[in-house]
Amino acid sequence: MLRTTRSTTIRSTRKTKLLSLAVLPAVVLPVLAGCADPGASAAKPESEAAKNGIVYNTSVDQNRIRSEKDTAAAAAVPAAIAKDGKLTVATTAGSIPLSFHATDDKTAIGVEVDIAQLVADKLGLDLDLQVTSWENWPLKTQSGDFEAVFSNVGINAARVKLFDFSTYRAAFMGFEAKKNSSYDIKGSDDISGLKISVGSGTNQEKILLAWNKELEAKGKAPATLQYYSSDADTILALSSGRTDLNLAPYPSVTYRENTRDDLKVVGKVNAGWPSETLVAATTLKGNGLAPAITDALNSTIKDGTYAKVLERWGLSEEAVPESKTVTEANFGTGK
């Protein structure tokens, strides 16, 4: 997910902060992730064929898959939310193919945006999409600025105290490294002494901090966690050898493996490690919107538009058979 506003390098045992170079724009774009020329935007391709057979449309003209209004789901939307006729959705636009900027550098596109559009369609509301930072969506959702968040948010014990969720995709994180590396990451022992970039305040950061505790308990060297201001900076650091690994959402690392020649996936872990979790639409706790979104998602699953969106972005393997509403009351119960 999106990084902190300034680049730092932190060893988790000492919390020593070092400034890191920020040499690229904050937007990761196809083919140009390793290019430091900000004027190169004029040459951005509007589509890109990946090794996995997916042709990624990165243009402003998305020709999105749309769905029809579901009367029952629409009727479940709380009146206070439905009265303006809009569903105000936050997304972070920081990682391909989840949510990122199109070739105009300002229009948010990606699988998260497409699913948000389907939900708005089912609820009979216009999609009001707002781009924000990863650090800001929790507070702005609590304040009411955002009615829902679609941005690869994984459910965890801390978040269910503040938000309700409607599940819609599997949640995995992937380790990526340079193609000529020999890393095979399966657990904490495999990251001892390595430099790993990770997003601040993310589930993947929690995993690495927990793995470092395991290493310290064994008397082994922990990994050094590094934080960069953007995906572009992160990938430049990885490809140049300043970091050994990057831990990021699995769809993003597999995208890069399939569109670049210098990187590969070297490990996969559930975002809820040591348990399991799912990606979910995020709404303010107790405001009544989550059940309506869950109904809308299940309607898209039933009519096939959900599957078409995932297929469009190469994420069919992350499909769920049904959406469920998760709250603090039922978190961890499997219901």
# chains A, B, ... in the order shown; residues from 1 in each chain; ligands from 1

$ closest_atom_pairs --of "segment 239-314 of chain A" --to "segment 198-202 of chain A" --cutoff "8 Å" --atoms "only C-alpha atoms" --output "Markdown table"
| residue | atom | partner | partner_atom | distance |
| --- | --- | --- | --- | --- |
| A:Asn246 | CA | A:Val198 | CA | 6.2 |
| A:Leu247 | CA | A:Val198 | CA | 5.5 |
| A:Ala248 | CA | A:Val198 | CA | 6.7 |

$ select_by_dssp --residues "segment 113-228 of chain A" --states "strand (DSSP E)" --output "CSV table (one decimal) with all heavy atoms, in the first residue's frame"
chain,number,residue,atom,x,y,z
A,126,ASP,N,-24.7,7.0,-7.6
A,126,ASP,CA,-23.6,7.4,-8.4
A,126,ASP,C,-22.3,7.3,-7.6
A,126,ASP,O,-22.2,7.6,-6.4
A,126,ASP,CB,-23.7,8.9,-8.8
A,126,ASP,CG,-24.9,9.2,-9.7
A,126,ASP,OD1,-25.2,8.2,-10.5
A,126,ASP,OD2,-25.5,10.3,-9.7
A,127,LEU,N,-21.2,6.8,-8.3
A,127,LEU,CA,-20.0,6.6,-7.6
A,127,LEU,C,-19.2,7.9,-7.5
A,127,LEU,O,-18.9,8.5,-8.5
A,127,LEU,CB,-19.1,5.6,-8.4
A,127,LEU,CG,-17.7,5.3,-7.8
A,127,LEU,CD1,-17.8,4.8,-6.4
A,127,LEU,CD2,-16.9,4.4,-8.7
A,128,ASP,N,-18.9,8.4,-6.3
A,128,ASP,CA,-18.2,9.6,-6.0
A,128,ASP,C,-16.8,9.1,-5.5
A,128,ASP,O,-16.7,8.8,-4.3
A,128,ASP,CB,-18.9,10.5,-5.0
A,128,ASP,CG,-18.1,11.7,-4.6
A,128,ASP,OD1,-17.2,12.1,-5.4
A,128,ASP,OD2,-18.4,12.3,-3.6
A,129,LEU,N,-15.8,9.0,-6.4
A,129,LEU,CA,-14.5,8.4,-6.1
A,129,LEU,C,-13.6,9.5,-5.6
A,129,LEU,O,-13.4,10.5,-6.2
A,129,LEU,CB,-14.0,7.7,-7.3
A,129,LEU,CG,-12.8,6.8,-7.0
A,129,LEU,CD1,-13.2,5.6,-6.2
A,129,LEU,CD2,-12.2,6.3,-8.3
A,130,GLN,N,-13.0,9.3,-4.4
A,130,GLN,CA,-12.1,10.2,-3.8
A,130,GLN,C,-10.7,9.5,-3.6
A,130,GLN,O,-10.6,8.5,-3.0
A,130,GLN,CB,-12.6,10.7,-2.5
A,130,GLN,CG,-13.9,11.4,-2.5
A,130,GLN,CD,-13.9,12.7,-3.2
A,130,GLN,OE1,-12.9,13.5,-3.1
A,130,GLN,NE2,-14.9,13.1,-3.9
A,131,VAL,N,-9.6,10.1,-4.1
A,131,VAL,CA,-8.3,9.5,-3.9
A,131,VAL,C,-7.7,10.1,-2.6
A,131,VAL,O,-7.7,11.3,-2.4
A,131,VAL,CB,-7.4,9.8,-5.1
A,131,VAL,CG1,-6.0,9.4,-4.8
A,131,VAL,CG2,-7.9,9.2,-6.4
A,148,ALA,N,-17.3,4.7,2.2
A,148,ALA,CA,-16.8,3.4,2.1
A,148,ALA,C,-15.4,3.5,1.5
A,148,ALA,O,-15.0,4.5,0.9
A,148,ALA,CB,-17.6,2.5,1.1
A,149,VAL,N,-14.5,2.5,1.8
A,149,VAL,CA,-13.2,2.4,1.3
A,149,VAL,C,-13.0,1.1,0.5
A,149,VAL,O,-13.3,0.0,1.0
A,149,VAL,CB,-12.1,2.5,2.5
A,149,VAL,CG1,-10.7,2.4,1.9
A,149,VAL,CG2,-12.4,3.7,3.4
A,163,PHE,N,-14.5,-0.2,12.4
A,163,PHE,CA,-15.1,-0.3,11.1
A,163,PHE,C,-15.9,-1.6,11.0
A,163,PHE,O,-15.6,-2.6,11.6
A,163,PHE,CB,-14.1,-0.2,10.0
A,163,PHE,CG,-13.2,1.1,10.1
A,163,PHE,CD1,-11.9,1.0,10.6
A,163,PHE,CD2,-13.7,2.3,9.8
A,163,PHE,CE1,-11.1,2.1,10.7
A,163,PHE,CE2,-12.9,3.4,9.9
A,163,PHE,CZ,-11.6,3.3,10.3
A,164,ASP,N,-16.8,-1.6,10.0
A,164,ASP,CA,-17.5,-2.8,9.6
A,164,ASP,C,-17.0,-3.1,8.2
A,164,ASP,O,-16.5,-2.2,7.5
A,164,ASP,CB,-19.0,-2.6,9.6
A,164,ASP,CG,-19.6,-2.4,11.0
A,164,ASP,OD1,-19.0,-2.9,12.0
A,164,ASP,OD2,-20.7,-1.8,11.1
A,165,PHE,N,-17.1,-4.4,7.8
A,165,PHE,CA,-16.5,-4.8,6.5
A,165,PHE,C,-17.5,-5.7,5.7
A,165,PHE,O,-18.3,-6.4,6.3
A,165,PHE,CB,-15.3,-5.6,6.8
A,165,PHE,CG,-14.2,-4.9,7.5
A,165,PHE,CD1,-14.1,-4.8,8.9
A,165,PHE,CD2,-13.2,-4.1,6.8
A,165,PHE,CE1,-13.2,-4.1,9.6
A,165,PHE,CE2,-12.3,-3.4,7.5
A,165,PHE,CZ,-12.2,-3.4,8.9
A,166,SER,N,-17.3,-5.6,4.4
A,166,SER,CA,-18.0,-6.5,3.4
A,166,SER,C,-16.9,-7.2,2.6
A,166,SER,O,-16.3,-6.5,1.8
A,166,SER,CB,-19.0,-5.7,2.6
A,166,SER,OG,-19.9,-5.0,3.4
A,167,THR,N,-16.7,-8.4,2.8
A,167,THR,CA,-15.6,-9.1,2.1
A,167,THR,C,-15.8,-9.3,0.6
A,167,THR,O,-17.0,-9.5,0.1
A,167,THR,CB,-15.4,-10.5,2.7
A,167,THR,OG1,-16.6,-11.3,2.5
A,167,THR,CG2,-15.1,-10.4,4.2
A,168,TYR,N,-14.7,-9.2,-0.2
A,168,TYR,CA,-14.9,-9.4,-1.6
A,168,TYR,C,-13.7,-10.0,-2.3
A,168,TYR,O,-13.7,-10.3,-3.5
A,168,TYR,CB,-15.3,-8.1,-2.3
A,168,TYR,CG,-14.3,-7.0,-2.2
A,168,TYR,CD1,-13.2,-6.9,-3.1
A,168,TYR,CD2,-14.4,-6.0,-1.3
A,168,TYR,CE1,-12.4,-5.8,-3.1
A,168,TYR,CE2,-13.6,-4.9,-1.2
A,168,TYR,CZ,-12.5,-4.8,-2.1
A,168,TYR,OH,-11.7,-3.8,-2.0
A,169,ARG,N,-12.6,-10.3,-1.6
A,169,ARG,CA,-11.4,-10.8,-2.3
A,169,ARG,C,-10.5,-11.5,-1.3
A,169,ARG,O,-10.4,-11.1,-0.1
A,169,ARG,CB,-10.7,-9.7,-3.1
A,169,ARG,CG,-9.7,-10.2,-4.2
A,169,ARG,CD,-9.4,-9.2,-5.2
A,169,ARG,NE,-9.1,-7.9,-4.7
A,169,ARG,CZ,-7.9,-7.6,-4.1
A,169,ARG,NH1,-7.0,-8.5,-4.0
A,169,ARG,NH2,-7.7,-6.3,-3.7
A,170,ALA,N,-9.7,-12.5,-1.8
A,170,ALA,CA,-8.7,-13.1,-0.9
A,170,ALA,C,-7.6,-12.1,-0.6
A,170,ALA,O,-7.4,-11.2,-1.4
A,170,ALA,CB,-8.1,-14.3,-1.6
A,172,PHE,N,-3.7,-11.8,0.2
A,172,PHE,CA,-2.4,-12.4,0.3
A,172,PHE,C,-1.3,-11.3,0.1
A,172,PHE,O,-1.6,-10.3,-0.6
A,172,PHE,CB,-2.2,-13.5,-0.7
A,172,PHE,CG,-2.9,-14.8,-0.4
A,172,PHE,CD1,-4.1,-15.0,-1.0
A,172,PHE,CD2,-2.5,-15.7,0.5
A,172,PHE,CE1,-4.9,-16.1,-0.7
A,172,PHE,CE2,-3.2,-16.8,0.8
A,172,PHE,CZ,-4.4,-17.1,0.2
A,173,MET,N,-0.2,-11.5,0.7
A,173,MET,CA,1.0,-10.6,0.5
A,173,MET,C,2.1,-11.5,-0.2
A,173,MET,O,2.2,-12.7,0.0
A,173,MET,CB,1.5,-10.1,1.8
A,173,MET,CG,0.5,-9.3,2.6
A,173,MET,SD,0.0,-7.8,1.6
A,173,MET,CE,-1.4,-7.3,2.6
A,174,GLY,N,2.9,-10.8,-1.1
A,174,GLY,CA,3.9,-11.5,-1.8
A,174,GLY,C,5.3,-10.8,-1.5
A,174,GLY,O,5.4,-9.6,-1.5
A,175,PHE,N,6.3,-11.7,-1.4
A,175,PHE,CA,7.7,-11.2,-1.3
A,175,PHE,C,8.2,-11.2,-2.8
A,175,PHE,O,8.1,-12.1,-3.5
A,175,PHE,CB,8.5,-12.1,-0.5
A,175,PHE,CG,8.3,-12.1,1.0
A,175,PHE,CD1,7.4,-12.9,1.6
A,175,PHE,CD2,9.0,-11.1,1.8
A,175,PHE,CE1,7.2,-12.9,2.9
A,175,PHE,CE2,8.8,-11.1,3.1
A,175,PHE,CZ,7.8,-12.0,3.7
A,176,GLU,N,8.8,-10.1,-3.2
A,176,GLU,CA,9.5,-10.0,-4.5
A,176,GLU,C,10.9,-9.6,-4.3
A,176,GLU,O,11.3,-9.0,-3.4
A,176,GLU,CB,8.7,-9.0,-5.4
A,176,GLU,CG,8.7,-7.6,-4.9
A,176,GLU,CD,7.9,-6.7,-5.8
A,176,GLU,OE1,7.8,-6.9,-7.0
A,176,GLU,OE2,7.3,-5.7,-5.3
A,177,ALA,N,11.7,-10.1,-5.3
A,177,ALA,CA,13.1,-9.9,-5.3
A,177,ALA,C,13.7,-9.8,-6.7
A,177,ALA,O,12.9,-10.0,-7.7
A,177,ALA,CB,13.8,-11.0,-4.5
A,178,LYS,N,14.9,-9.5,-6.8
A,178,LYS,CA,15.5,-9.4,-8.2
A,178,LYS,C,15.5,-10.8,-8.8
A,178,LYS,O,15.6,-11.8,-8.0
A,178,LYS,CB,17.0,-8.9,-8.1
A,178,LYS,CG,17.0,-7.4,-7.7
A,178,LYS,CD,18.4,-6.9,-7.6
A,178,LYS,CE,19.1,-6.8,-8.9
A,178,LYS,NZ,20.4,-6.2,-8.9
A,195,LYS,N,17.3,-6.9,4.2
A,195,LYS,CA,16.7,-5.5,4.1
A,195,LYS,C,15.4,-5.7,3.4
A,195,LYS,O,15.4,-6.1,2.2
A,195,LYS,CB,17.6,-4.5,3.5
A,195,LYS,CG,18.9,-4.2,4.2
A,195,LYS,CD,19.8,-3.4,3.4
A,195,LYS,CE,20.4,-4.1,2.2
A,195,LYS,NZ,21.4,-3.3,1.5
A,196,ILE,N,14.2,-5.3,4.0
A,196,ILE,CA,12.9,-5.5,3.4
A,196,ILE,C,12.1,-4.2,3.4
A,196,ILE,O,11.9,-3.6,4.4
A,196,ILE,CB,12.1,-6.6,4.1
A,196,ILE,CG1,13.0,-7.9,4.3
A,196,ILE,CG2,10.8,-6.9,3.4
A,196,ILE,CD1,12.3,-8.9,5.1
A,197,SER,N,11.6,-3.8,2.2
A,197,SER,CA,10.8,-2.6,2.2
A,197,SER,C,9.3,-3.0,2.4
A,197,SER,O,8.9,-4.1,2.0
A,197,SER,CB,10.9,-1.9,0.8
A,197,SER,OG,10.6,-2.8,-0.2
A,224,THR,N,15.9,-5.8,8.6
A,224,THR,CA,15.8,-4.3,8.6
A,224,THR,C,14.7,-3.9,7.8
A,224,THR,O,14.6,-4.2,6.6
A,224,THR,CB,17.1,-3.7,8.1
A,224,THR,OG1,18.2,-4.1,8.9
A,224,THR,CG2,17.0,-2.2,8.1
A,225,LEU,N,13.7,-3.2,8.3
A,225,LEU,CA,12.5,-2.7,7.6
A,225,LEU,C,12.8,-1.3,7.0
A,225,LEU,O,13.3,-0.4,7.7
A,225,LEU,CB,11.3,-2.7,8.5
A,225,LEU,CG,11.0,-4.0,9.3
A,225,LEU,CD1,9.6,-3.9,9.9
A,225,LEU,CD2,11.1,-5.2,8.3
A,226,GLN,N,12.5,-1.2,5.8
A,226,GLN,CA,12.7,0.1,5.1
A,226,GLN,C,11.4,0.6,4.5
A,226,GLN,O,10.6,-0.1,4.0
A,226,GLN,CB,13.7,-0.1,3.9
A,226,GLN,CG,15.1,-0.6,4.4
A,226,GLN,CD,16.1,-0.7,3.3
A,226,GLN,OE1,15.7,-1.0,2.2
A,226,GLN,NE2,17.4,-0.4,3.6
A,227,TYR,N,11.3,2.0,4.6
A,227,TYR,CA,10.0,2.6,4.2
A,227,TYR,C,10.3,3.7,3.2
A,227,TYR,O,11.2,4.5,3.4
A,227,TYR,CB,9.4,3.3,5.5
A,227,TYR,CG,9.0,2.3,6.6
A,227,TYR,CD1,10.0,1.9,7.5
A,227,TYR,CD2,7.7,1.8,6.7
A,227,TYR,CE1,9.7,1.0,8.5
A,227,TYR,CE2,7.4,0.9,7.7
A,227,TYR,CZ,8.4,0.5,8.6
A,227,TYR,OH,8.1,-0.4,9.6

$ atom_distance --atom1 "atom CA of Ser188 of chain A" --atom2 "atom CA of Ile207 of chain A"
9.3 Å

$ atom_distance --atom1 "atom CA of Val153 of chain A" --atom2 "atom CA of Val279 of chain A"
5.3 Å

$ select_by_dssp --residues "segment 94-306 of chain A" --states "helix (DSSP H, G or I)" --output "PyMOL selection string"
chain A and resi 111-122+137-143+159-161+188-191+203-217+231-240+250-259+289-303+305-306

$ residues_around --residues "Val309 of chain A" --least-positions-apart "4" --cutoff "9 Å" --atoms "only C-alpha atoms" --output "list in words"
Arg64, Ile65, Val111, Asp114, Ile115, Gly304, Thr305, Trp313, Gly314, Leu315 and Ser316 of chain A

$ closest_residue --among "A:Thr103, A:Thr243, A:Gly193, A:Ala93" --to "Gly219 of chain A" --atoms "only C-alpha atoms"
A:Gly193

$ residues_around --residues "segment 290-300 of chain A" --least-positions-apart "2" --cutoff "8 Å" --atoms "only C-alpha atoms" --output "VMD selection string"
chain A and resid 67 70 73 to 74 76 to 77 118 to 119 122 to 123 164 to 168 281 to 283 287 to 288 302 to 306 322 to 325

$ write_last_selection --atoms "C-alpha atoms" --output "PDB file, in the first residue's frame"
ATOM      1  CA  SER A  67     -24.249  -3.774 -13.421  1.00  0.00           C
ATOM      2  CA  ASP A  70     -30.563  -4.436  -7.133  1.00  0.00           C
ATOM      3  CA  ALA A  73     -29.785  -4.041  -1.806  1.00  0.00           C
ATOM      4  CA  ALA A  74     -30.611  -0.423  -2.616  1.00  0.00           C
ATOM      5  CA  ALA A  76     -31.014  -1.506   2.629  1.00  0.00           C
ATOM      6  CA  VAL A  77     -28.873   1.633   2.280  1.00  0.00           C
ATOM      7  CA  LEU A 118     -20.362  -2.348  -9.430  1.00  0.00           C
ATOM      8  CA  VAL A 119     -21.461  -1.811  -5.821  1.00  0.00           C
ATOM      9  CA  LYS A 122     -26.273  -2.239  -7.461  1.00  0.00           C
ATOM     10  CA  LEU A 123     -27.196   0.309  -4.793  1.00  0.00           C
ATOM     11  CA  ASP A 164     -17.491  -2.810   9.596  1.00  0.00           C
ATOM     12  CA  PHE A 165     -16.527  -4.841   6.531  1.00  0.00           C
ATOM     13  CA  SER A 166     -17.998  -6.501   3.447  1.00  0.00           C
ATOM     14  CA  THR A 167     -15.607  -9.126   2.096  1.00  0.00           C
ATOM     15  CA  TYR A 168     -14.871  -9.433  -1.616  1.00  0.00           C
ATOM     16  CA  ALA A 281     -15.069  -2.849   1.660  1.00  0.00           C
ATOM     17  CA  THR A 282     -14.651  -0.753   4.796  1.00  0.00           C
ATOM     18  CA  THR A 283     -17.382   1.360   6.395  1.00  0.00           C
ATOM     19  CA  ASN A 287     -23.708   3.001  10.467  1.00  0.00           C
ATOM     20  CA  GLY A 288     -25.673   0.252   8.732  1.00  0.00           C
ATOM     21  CA  LYS A 302     -24.640 -13.935  -8.817  1.00  0.00           C
ATOM     22  CA  ASP A 303     -24.956 -12.007 -12.097  1.00  0.00           C
ATOM     23  CA  GLY A 304     -21.340 -12.633 -13.135  1.00  0.00           C
ATOM     24  CA  THR A 305     -20.109  -9.046 -13.269  1.00  0.00           C
ATOM     25  CA  TYR A 306     -17.840  -9.640 -10.249  1.00  0.00           C
ATOM     26  CA  GLU A 322     -19.794 -15.030  -1.410  1.00  0.00           C
ATOM     27  CA  SER A 323     -19.482 -11.745   0.448  1.00  0.00           C
ATOM     28  CA  LYS A 324     -19.984 -11.658   4.200  1.00  0.00           C
ATOM     29  CA  THR A 325     -20.461  -8.790   6.629  1.00  0.00           C
TER      30      THR A 325
END
